[in-house]
Amino acid sequence: MTSADKGNSVDFIREIVERDIREGKNGGRVHTRFPPEPNGYLHIGHAKAICIDFGIAEEYGGLYNLRFDDTNPVKEDIEYVESIMRDIKWLGFDWKDRLFYASDYFDIMYNYAEELIEKGVAYVCDLSAEEIREYRGTLTEPGRNSPWRNRSVEENLDLFRRMKAGEFSDGARTLRAKIDMASPNMNMRDPAIYRILRRNHHRTGDRWCIYPMYDYAHCLEDSIEEITHSCCSIEFEDHRPLYDWFLNRLDIFHPQQIEFARLNLTFTIMSKRKLAILVEKGLVSGWDDPRMPTLSGLRRRGYTPEAIRNFTDRIGIAKRDSTVDMALLEYCIRDDLNRRAPRFMAVLDPLKVTIENYPSGKCEELEFINNPEDASAGSRIVQFSRELYIERDDFQEEPHRKFRRLAPGREIRLRYAFLITCVDVVKDEDGNVTELICTYDSETRGGNAPDGRKVKSTIHWVSAEYAVMAEVRLYDRLFTVENPLASDSFIETINDESLKVLNRCRIEPSAADLDIGEPVQFERMGYFCKDPDSTEEKLIFNRTISLRDTWKKILKNQE
RNA sequence: UGGGGCGUCGUCAAAUGGUUAAGACACAGGGUUUUGGUCCCUGCAUUGGGGGUUCGAAUCCUCCCGCCCCAGCCA
């Protein structure tokens, strides 16, 4: 959706961008960036940020950079840079040759730091981490100046060069910005801008033993790349004065930082740390578990990039804290898949049906429409035979008042096949229904009766002879409550039924040849895709999302 | 209790002092239907609270209330 589709209303960021273009700021350029730290996997909250950063640049004919903000080697790894690039590409964005790393700028950043020292606005501080904390003061009390605050430029320069040269141990000294220890904004109380840290960096190896801090590094990265609009999440709002401070002292290109609210979603969590707990404790199978809000999880689950992009367009952008209803994401994936997913028959919980007046060994080929929403999807041939499977839920021996499907003596339609009537129910010694004996009307091939009689329902089926076995993994929301973090222990709110594995599913044979991840609809059951765990011998499907279930609602509303 | 930010339908979110406060999701009802799907129709808020300015206020002023963020040598 572009801004034009939304009428005249655009979000506040686009409003700023449009005004800047109109006023010729930055020569009318729009240049954004998405700056992840490669320390974990991307989740749908990042997708929102990516769609804002990259989407806006695309919309206004600008450029966008992918930049890895790799200034802390303690937490970063090449594994993450690879997964991040994979996920962004999957979302459909192409940063072309504009791939950058903060670590590419370490030399420039170092030189700028010397410049700050020369200008008398940065100094080497010998306070320990603990002492710095004590000197910083509190939210209500001002901090105190470091005893090292007034070193000469020469001494600072000498010390800083020796920090770089590796003369001091980790944590022994820092380079700090000389701002205001009494500032009501804690970020302005002489923040550290370089720390001594001997750690192998995934790109620069052991070349550096000092690393720049975020507040110092980020504005420089943006400036060096001549970013015009630097969007970030709301918690950086009170870092903006610092962002501006560095750029003003250095008197270099000055991007505008704009903050927006991060995405929260009901029935899940977005915290990287807490998601990691789920992975570590084995509560999910990994970062790409289909129940995870990670992009790799959503992809494996069967979510499409189009659905996710549509979702991020629909939620809008604002500054207030908000929690979007998971139902909107679910709506978006159903909406996308309804239009594109070819239909197949699959019986998840099989109940055998024998058509007693259908000759054994006979097989008829029936024509099935691949997608009623898309005529160009064409049709396919499906085999019909004497022995079939239907969904166990599609039969009730003593039908509920509103139940329209199969019951003793009742005639219903087998989709695209025949009208059948249940004439007998076979049970085991415990009284469980094991098989249905039905008759069919050979005049109703295709599903319509020549005499025009109607039936109340149409159910799906597979031929017992031709269907293939599959495992189907039914996923549901990972948590039982809207806000798991409001609970004392979010772990305890995990939905025990968020994964159900069905082993005896029978699917129409043509569905066996699907590619991994290719979305399909199993008619009346939901949207599914083949899981990468599938092998030649064993087919495994994931349920992306069920169809909307009015029947479930009818039952619920009766309670 | 210092500073910064934010309060509009159940949930997101428009509205930029001027007709009945958009739209979407959700929810409720109805219609169509060879998926109890899709699709179509209908219903669904006076803007955190109080004062004030104005012919006119969600928009401006003011007082109050509530929520979020900040005291890493993380980002």
# chains A, B, ... in the order shown; residues from 1 in each chain; ligands from 1
>>> closest_atom_pairs(of="chain B", to="chain A", cutoff="7 Å", atoms="only C-alpha atoms (C1' of nucleotides)", output="Markdown table")
| residue | atom | partner | partner_atom | distance |
| --- | --- | --- | --- | --- |
| B:G2 | C1' | A:Thr140 | CA | 4.4 |
| B:G3 | C1' | A:Pro184 | CA | 4.9 |
| B:G4 | C1' | A:Asp238 | CA | 5.8 |
| B:C6 | C1' | A:Arg320 | CA | 5.1 |
| B:U11 | C1' | A:Asp325 | CA | 5.5 |
| B:C12 | C1' | A:Ile315 | CA | 5.5 |
| B:A13 | C1' | A:Gly316 | CA | 6.7 |
| B:A14 | C1' | A:Ser9 | CA | 6.7 |
| B:C25 | C1' | A:Leu328 | CA | 5.2 |
| B:U34 | C1' | A:Arg415 | CA | 6.0 |
| B:U35 | C1' | A:Arg524 | CA | 4.8 |
| B:G36 | C1' | A:Trp551 | CA | 5.2 |
| B:G37 | C1' | A:Leu547 | CA | 6.1 |
| B:C68 | C1' | A:Asp321 | CA | 6.8 |
| B:C69 | C1' | A:Glu235 | CA | 5.5 |
| B:C70 | C1' | A:Met186 | CA | 6.5 |
| B:A71 | C1' | A:Thr138 | CA | 5.0 |
| B:C73 | C1' | A:Arg195 | CA | 5.1 |
| B:A75 | C1' | A:Tyr214 | CA | 6.3 |
>>> write_last_selection(atoms="N, CA, C and O atoms (P, O5', C5', C4', C3', O3' and C1' of nucleotides)", output="short mmCIF file (atom, residue, chain, number, x, y, z; two decimals), in the first residue's frame")
data_model
loop_
_atom_site.label_atom_id
_atom_site.label_comp_id
_atom_site.auth_asym_id
_atom_site.auth_seq_id
_atom_site.Cartn_x
_atom_site.Cartn_y
_atom_site.Cartn_z
P G B 2 10.55 15.71 40.11
"O5'" G B 2 12.01 15.68 39.50
"C5'" G B 2 12.91 16.78 39.70
"C4'" G B 2 13.99 16.68 38.67
"C3'" G B 2 13.49 16.59 37.24
"O3'" G B 2 13.23 17.88 36.69
"C1'" G B 2 15.00 14.83 37.59
P G B 3 12.12 18.06 35.60
"O5'" G B 3 12.73 17.30 34.34
"C5'" G B 3 13.90 17.81 33.71
"C4'" G B 3 14.37 16.85 32.66
"C3'" G B 3 13.34 16.49 31.59
"O3'" G B 3 13.23 17.50 30.61
"C1'" G B 3 14.40 14.52 32.33
P G B 4 11.85 17.69 29.82
"O5'" G B 4 11.83 16.40 28.88
"C5'" G B 4 12.84 16.24 27.88
"C4'" G B 4 12.70 14.89 27.26
"C3'" G B 4 11.34 14.58 26.66
"O3'" G B 4 11.19 15.17 25.39
"C1'" G B 4 12.07 12.73 27.93
P C B 6 5.13 12.94 22.17
"O5'" C B 6 4.08 11.83 22.65
"C5'" C B 6 4.09 10.56 22.04
"C4'" C B 6 3.21 9.63 22.82
"C3'" C B 6 1.79 10.10 23.06
"O3'" C B 6 1.00 9.94 21.90
"C1'" C B 6 2.64 9.15 25.04
P U B 11 -8.48 -1.46 23.68
"O5'" U B 11 -7.90 -2.26 22.43
"C5'" U B 11 -7.17 -3.46 22.61
"C4'" U B 11 -6.50 -3.80 21.31
"C3'" U B 11 -5.73 -2.65 20.68
"O3'" U B 11 -4.44 -2.57 21.25
"C1'" U B 11 -7.10 -3.65 19.04
P C B 12 -3.58 -1.24 21.06
"O5'" C B 12 -3.11 -1.34 19.55
"C5'" C B 12 -2.94 -0.18 18.81
"C4'" C B 12 -2.69 -0.54 17.37
"C3'" C B 12 -2.56 0.69 16.49
"O3'" C B 12 -1.22 1.15 16.49
"C1'" C B 12 -4.19 -0.72 15.56
P A B 13 -0.94 2.70 16.74
"O5'" A B 13 -1.81 3.40 15.59
"C5'" A B 13 -1.62 3.05 14.22
"C4'" A B 13 -2.70 3.68 13.39
"C3'" A B 13 -2.84 5.18 13.54
"O3'" A B 13 -1.87 5.82 12.74
"C1'" A B 13 -4.98 4.15 13.60
P A B 14 -1.77 7.42 12.69
"O5'" A B 14 -2.97 7.77 11.70
"C5'" A B 14 -3.39 9.09 11.61
"C4'" A B 14 -4.52 9.13 10.62
"C3'" A B 14 -5.14 10.51 10.52
"O3'" A B 14 -4.42 11.27 9.58
"C1'" A B 14 -6.84 8.88 10.76
P C B 25 -11.16 -5.74 7.61
"O5'" C B 25 -10.50 -6.26 8.96
"C5'" C B 25 -9.24 -6.91 8.93
"C4'" C B 25 -8.74 -7.12 10.34
"C3'" C B 25 -9.69 -7.87 11.26
"O3'" C B 25 -9.56 -9.27 11.09
"C1'" C B 25 -8.88 -5.97 12.36
P U B 34 -23.76 -23.99 -4.45
"O5'" U B 34 -22.70 -25.14 -4.17
"C5'" U B 34 -22.54 -25.61 -2.84
"C4'" U B 34 -21.22 -26.35 -2.76
"C3'" U B 34 -20.06 -25.54 -3.27
"O3'" U B 34 -19.01 -25.61 -2.32
"C1'" U B 34 -20.08 -27.70 -4.24
P U B 35 -18.76 -24.38 -1.36
"O5'" U B 35 -17.55 -24.97 -0.50
"C5'" U B 35 -17.58 -26.32 -0.05
"C4'" U B 35 -16.66 -26.42 1.14
"C3'" U B 35 -16.93 -25.38 2.23
"O3'" U B 35 -16.69 -25.97 3.49
"C1'" U B 35 -14.73 -25.13 1.42
P G B 36 -17.89 -26.21 4.53
"O5'" G B 36 -18.01 -24.85 5.35
"C5'" G B 36 -18.78 -23.77 4.86
"C4'" G B 36 -19.20 -22.90 6.01
"C3'" G B 36 -18.02 -22.48 6.87
"O3'" G B 36 -18.29 -21.17 7.41
"C1'" G B 36 -19.52 -23.79 8.15
P G B 37 -17.86 -19.85 6.63
"O5'" G B 37 -16.43 -20.06 5.94
"C5'" G B 37 -15.25 -20.13 6.74
"C4'" G B 37 -14.05 -20.06 5.83
"C3'" G B 37 -13.94 -18.80 5.00
"O3'" G B 37 -13.31 -17.75 5.70
"C1'" G B 37 -13.62 -20.68 3.61
P C B 68 4.18 1.31 32.86
"O5'" C B 68 4.99 1.80 31.57
"C5'" C B 68 4.91 1.08 30.35
"C4'" C B 68 5.74 1.77 29.31
"C3'" C B 68 7.18 2.04 29.70
"O3'" C B 68 7.99 0.89 29.50
"C1'" C B 68 6.26 3.99 28.77
P C B 69 9.30 0.70 30.40
"O5'" C B 69 10.31 1.76 29.78
"C5'" C B 69 10.74 1.63 28.43
"C4'" C B 69 11.64 2.79 28.09
"C3'" C B 69 12.77 3.04 29.06
"O3'" C B 69 13.87 2.17 28.80
"C1'" C B 69 11.72 5.08 28.56
P C B 70 14.82 1.75 30.00
"O5'" C B 70 15.67 3.08 30.24
"C5'" C B 70 16.59 3.52 29.24
"C4'" C B 70 17.24 4.79 29.72
"C3'" C B 70 17.88 4.70 31.09
"O3'" C B 70 19.19 4.17 30.99
"C1'" C B 70 16.59 6.69 30.92
P A B 71 19.72 3.09 32.00
"O5'" A B 71 20.30 4.02 33.16
"C5'" A B 71 21.41 4.85 32.89
"C4'" A B 71 22.04 5.29 34.19
"C3'" A B 71 22.42 4.15 35.13
"O3'" A B 71 23.71 3.66 34.80
"C1'" A B 71 21.25 5.80 36.33
P C B 73 28.83 2.78 31.42
"O5'" C B 73 30.11 2.42 30.55
"C5'" C B 73 30.05 2.43 29.14
"C4'" C B 73 31.05 1.44 28.59
"C3'" C B 73 30.71 -0.01 28.95
"O3'" C B 73 30.89 -0.77 27.77
"C1'" C B 73 32.90 0.55 29.67
P A B 75 27.62 -0.84 21.99
"O5'" A B 75 26.29 -1.08 21.16
"C5'" A B 75 26.10 -2.29 20.42
"C4'" A B 75 24.64 -2.38 20.05
"C3'" A B 75 24.09 -1.19 19.29
"O3'" A B 75 24.34 -1.29 17.90
"C1'" A B 75 22.65 -1.70 21.09
#
>>> closest_residue(among="B:C9, B:G31, B:A21, B:A15", to="U46 in chain B", atoms="only C-alpha atoms (C1' of nucleotides)")
B:A21
>>> closest_residue(among="B:G48, B:G43, B:U38, B:G29", to="C65 in chain B", atoms="only C-alpha atoms (C1' of nucleotides)")
B:G48
>>> atom_distance(atom1="CA of Asp87 in chain A", atom2="CA of Phe479 in chain A")
24.2 Å
>>> closest_residue(among="B:U59, B:U19, B:U33, B:U1", to="U47 in chain B", atoms="only C-alpha atoms (C1' of nucleotides)")
B:U59
>>> select_by_dssp(residues="range 260-365 of chain A", states="alpha helix (DSSP H)", output="short mmCIF file (atom, residue, chain, number, x, y, z; two decimals) with N, CA, C and O atoms, in the first residue's frame")
data_model
loop_
_atom_site.label_atom_id
_atom_site.label_comp_id
_atom_site.auth_asym_id
_atom_site.auth_seq_id
_atom_site.Cartn_x
_atom_site.Cartn_y
_atom_site.Cartn_z
N LYS A 272 14.38 -10.39 22.55
CA LYS A 272 15.40 -11.32 22.08
C LYS A 272 15.87 -12.22 23.22
O LYS A 272 16.04 -13.42 23.05
N ARG A 273 16.05 -11.60 24.37
CA ARG A 273 16.55 -12.35 25.52
C ARG A 273 15.56 -13.44 25.94
O ARG A 273 15.93 -14.57 26.24
N LYS A 274 14.30 -13.08 25.95
CA LYS A 274 13.30 -14.05 26.39
C LYS A 274 13.05 -15.12 25.33
O LYS A 274 12.78 -16.29 25.65
N LEU A 275 13.14 -14.74 24.08
CA LEU A 275 13.01 -15.75 23.03
C LEU A 275 14.16 -16.75 23.14
O LEU A 275 13.98 -17.95 22.94
N ALA A 276 15.33 -16.21 23.51
CA ALA A 276 16.49 -17.08 23.67
C ALA A 276 16.26 -18.11 24.78
O ALA A 276 16.70 -19.25 24.69
N ILE A 277 15.53 -17.70 25.80
CA ILE A 277 15.23 -18.63 26.90
C ILE A 277 14.39 -19.80 26.38
O ILE A 277 14.62 -20.95 26.72
N LEU A 278 13.43 -19.47 25.51
CA LEU A 278 12.59 -20.54 24.94
C LEU A 278 13.44 -21.54 24.17
O LEU A 278 13.22 -22.74 24.24
N VAL A 279 14.41 -20.99 23.44
CA VAL A 279 15.28 -21.85 22.64
C VAL A 279 16.18 -22.68 23.56
O VAL A 279 16.27 -23.90 23.43
N GLU A 280 16.82 -22.00 24.52
CA GLU A 280 17.75 -22.69 25.43
C GLU A 280 17.08 -23.78 26.25
O GLU A 280 17.64 -24.84 26.48
N LEU A 295 11.52 -14.08 11.85
CA LEU A 295 11.20 -14.19 10.42
C LEU A 295 11.49 -15.60 9.93
O LEU A 295 10.76 -16.13 9.09
N SER A 296 12.53 -16.23 10.48
CA SER A 296 12.82 -17.59 10.04
C SER A 296 11.72 -18.56 10.52
O SER A 296 11.38 -19.51 9.81
N GLY A 297 11.16 -18.29 11.68
CA GLY A 297 10.06 -19.11 12.18
C GLY A 297 8.80 -18.91 11.36
O GLY A 297 8.11 -19.86 10.99
N LEU A 298 8.50 -17.65 11.09
CA LEU A 298 7.30 -17.35 10.30
C LEU A 298 7.41 -17.93 8.90
O LEU A 298 6.44 -18.45 8.35
N ARG A 299 8.60 -17.87 8.35
CA ARG A 299 8.82 -18.41 7.00
C ARG A 299 8.58 -19.92 7.00
O ARG A 299 7.90 -20.45 6.15
N ARG A 300 9.15 -20.59 8.01
CA ARG A 300 8.97 -22.04 8.09
C ARG A 300 7.50 -22.40 8.34
O ARG A 300 7.00 -23.41 7.86
N ARG A 301 6.84 -21.55 9.07
CA ARG A 301 5.42 -21.76 9.38
C ARG A 301 4.58 -21.65 8.11
O ARG A 301 3.49 -22.21 8.02
N PRO A 305 6.17 -13.30 2.62
CA PRO A 305 6.66 -11.93 2.78
C PRO A 305 5.57 -10.91 2.44
O PRO A 305 5.48 -9.87 3.08
N GLU A 306 4.74 -11.24 1.47
CA GLU A 306 3.66 -10.32 1.09
C GLU A 306 2.72 -10.08 2.27
O GLU A 306 2.27 -8.96 2.52
N ALA A 307 2.39 -11.15 2.98
CA ALA A 307 1.47 -11.01 4.12
C ALA A 307 2.10 -10.16 5.21
O ALA A 307 1.44 -9.32 5.82
N ILE A 308 3.39 -10.37 5.45
CA ILE A 308 4.06 -9.62 6.50
C ILE A 308 4.18 -8.14 6.12
O ILE A 308 3.96 -7.25 6.93
N ARG A 309 4.47 -7.90 4.86
CA ARG A 309 4.57 -6.50 4.41
C ARG A 309 3.22 -5.81 4.47
O ARG A 309 3.12 -4.65 4.86
N ASN A 310 2.19 -6.54 4.09
CA ASN A 310 0.85 -5.97 4.16
C ASN A 310 0.49 -5.66 5.62
O ASN A 310 -0.07 -4.61 5.93
N PHE A 311 0.87 -6.56 6.48
CA PHE A 311 0.63 -6.37 7.91
C PHE A 311 1.33 -5.10 8.41
O PHE A 311 0.73 -4.26 9.07
N THR A 312 2.59 -4.93 8.06
CA THR A 312 3.31 -3.76 8.55
C THR A 312 2.72 -2.47 7.97
O THR A 312 2.74 -1.43 8.62
N ASP A 313 2.17 -2.55 6.77
CA ASP A 313 1.50 -1.37 6.22
C ASP A 313 0.24 -1.05 7.01
O ASP A 313 -0.07 0.11 7.27
N ARG A 314 -0.48 -2.09 7.36
CA ARG A 314 -1.76 -1.88 8.02
C ARG A 314 -1.64 -1.38 9.45
O ARG A 314 -2.54 -0.68 9.94
N ILE A 315 -0.58 -1.75 10.15
CA ILE A 315 -0.48 -1.34 11.56
C ILE A 315 -0.09 0.12 11.72
O ILE A 315 -0.30 0.70 12.77
N MET A 326 -2.87 -10.06 17.40
CA MET A 326 -2.37 -11.16 16.56
C MET A 326 -3.39 -11.51 15.46
O MET A 326 -3.00 -11.97 14.38
N ALA A 327 -4.66 -11.26 15.75
CA ALA A 327 -5.70 -11.57 14.76
C ALA A 327 -5.49 -10.80 13.46
O ALA A 327 -5.91 -11.25 12.39
N LEU A 328 -4.84 -9.65 13.54
CA LEU A 328 -4.61 -8.88 12.32
C LEU A 328 -3.54 -9.58 11.46
O LEU A 328 -3.66 -9.65 10.24
N LEU A 329 -2.51 -10.09 12.11
CA LEU A 329 -1.46 -10.83 11.37
C LEU A 329 -2.10 -12.07 10.74
O LEU A 329 -1.84 -12.40 9.58
N GLU A 330 -2.95 -12.72 11.51
CA GLU A 330 -3.60 -13.93 11.01
C GLU A 330 -4.53 -13.61 9.84
O GLU A 330 -4.61 -14.36 8.87
N TYR A 331 -5.18 -12.47 9.95
CA TYR A 331 -6.03 -12.03 8.84
C TYR A 331 -5.17 -11.83 7.58
O TYR A 331 -5.55 -12.22 6.48
N CYS A 332 -4.02 -11.19 7.76
CA CYS A 332 -3.15 -10.88 6.61
C CYS A 332 -2.65 -12.14 5.90
O CYS A 332 -2.58 -12.18 4.67
N ILE A 333 -2.30 -13.15 6.66
CA ILE A 333 -1.80 -14.35 6.00
C ILE A 333 -2.94 -15.12 5.33
O ILE A 333 -2.80 -15.64 4.24
N ARG A 334 -4.11 -15.14 5.97
CA ARG A 334 -5.25 -15.81 5.33
C ARG A 334 -5.63 -15.10 4.03
O ARG A 334 -5.92 -15.71 3.02
N ASP A 335 -5.61 -13.78 4.10
CA ASP A 335 -6.01 -12.97 2.96
C ASP A 335 -5.07 -13.24 1.77
O ASP A 335 -5.51 -13.41 0.64
N ASP A 336 -3.79 -13.31 2.05
CA ASP A 336 -2.81 -13.54 0.99
C ASP A 336 -2.94 -14.97 0.45
O ASP A 336 -3.02 -15.18 -0.76
N LEU A 337 -2.97 -15.91 1.36
CA LEU A 337 -3.02 -17.32 0.94
C LEU A 337 -4.33 -17.69 0.25
O LEU A 337 -4.35 -18.54 -0.64
N ASN A 338 -5.41 -17.07 0.67
CA ASN A 338 -6.69 -17.37 0.02
C ASN A 338 -6.61 -17.12 -1.47
O ASN A 338 -7.14 -17.87 -2.27
N ARG A 339 -5.90 -16.05 -1.81
CA ARG A 339 -5.81 -15.69 -3.23
C ARG A 339 -4.83 -16.54 -3.99
O ARG A 339 -4.99 -16.77 -5.18
N ARG A 340 -3.77 -17.01 -3.34
CA ARG A 340 -2.72 -17.67 -4.10
C ARG A 340 -2.56 -19.16 -3.87
O ARG A 340 -1.95 -19.84 -4.70
#
>>> atom_distance(atom1="CA of Gly40 in chain A", atom2="CA of Thr493 in chain A")
23.9 Å
>>> residues_around(residues="C63 in chain B", least_positions_apart="2", cutoff="12 Å", atoms="only C-alpha atoms (C1' of nucleotides)", output="NGL selection string")
:B and (49-52 or 61 or 65)
>>> write_last_selection(atoms="C-alpha atoms (C1' of nucleotides)", output="PDB file, in the first residue's frame")
ATOM      1  C1'   G B  49     -10.543  13.720  33.770  1.00  0.00           C
ATOM      2  C1'   G B  50     -11.751  18.937  35.341  1.00  0.00           C
ATOM      3  C1'   G B  51     -11.678  24.002  34.159  1.00  0.00           C
ATOM      4  C1'   G B  52     -10.956  27.769  30.315  1.00  0.00           C
ATOM      5  C1'   C B  61      -4.481  27.276  27.195  1.00  0.00           C
ATOM      6  C1'   C B  65      -4.678  11.482  36.416  1.00  0.00           C
TER       7        C B  65
END
>>> residues_around(residues="Glu471 in chain A", least_positions_apart="5", cutoff="7 Å", atoms="only C-alpha atoms (C1' of nucleotides)", output="PDB file with C-alpha atoms, in the first residue's frame")
ATOM      1  CA  VAL A 501       1.458 -33.676  15.738  1.00  0.00           C
ATOM      2  CA  LEU A 502      -0.877 -35.806  13.658  1.00  0.00           C
ATOM      3  CA  ASN A 503       0.700 -38.940  12.266  1.00  0.00           C
ATOM      4  CA  ARG A 504      -1.979 -40.690  10.327  1.00  0.00           C
ATOM      5  CA  CYS A 505      -2.996 -38.003   7.888  1.00  0.00           C
ATOM      6  CA  LEU A 539       6.031 -36.156   4.295  1.00  0.00           C
ATOM      7  CA  ILE A 540       5.654 -33.464   6.918  1.00  0.00           C
ATOM      8  CA  PHE A 541       3.337 -30.499   6.635  1.00  0.00           C
TER       9      PHE A 541
END
>>> residues_around(residues="range 514-518 of chain A", least_positions_apart="4", cutoff="9 Å", atoms="only C-alpha atoms (C1' of nucleotides)", output="list in words")
Arg299, Arg300, Arg301, Gly302, Ala341, Ser510, Phe528, Cys529, Lys530, Asp531, Pro532, Ser534, Phe541 and Asn542 of chain A
>>> select_by_dssp(residues="range 99-281 of chain A", states="strand (DSSP E)", output="ChimeraX atom specification")
/A:99-101,122-125,174-177,192-196,210-212,229-233,256-260
>>> closest_residue(among="A:Asp349, A:Glu15, A:Phe68, A:Pro147", to="U16 in chain B", atoms="only C-alpha atoms (C1' of nucleotides)")
A:Glu15
>>> closest_residue(among="A:Ser285, A:Thr228, A:Ser83, A:Ser103", to="Gly62 in chain A", atoms="only C-alpha atoms")
A:Thr228
>>> atom_distance(atom1="CA of Met270 in chain A", atom2="CA of Asp496 in chain A")
19.6 Å
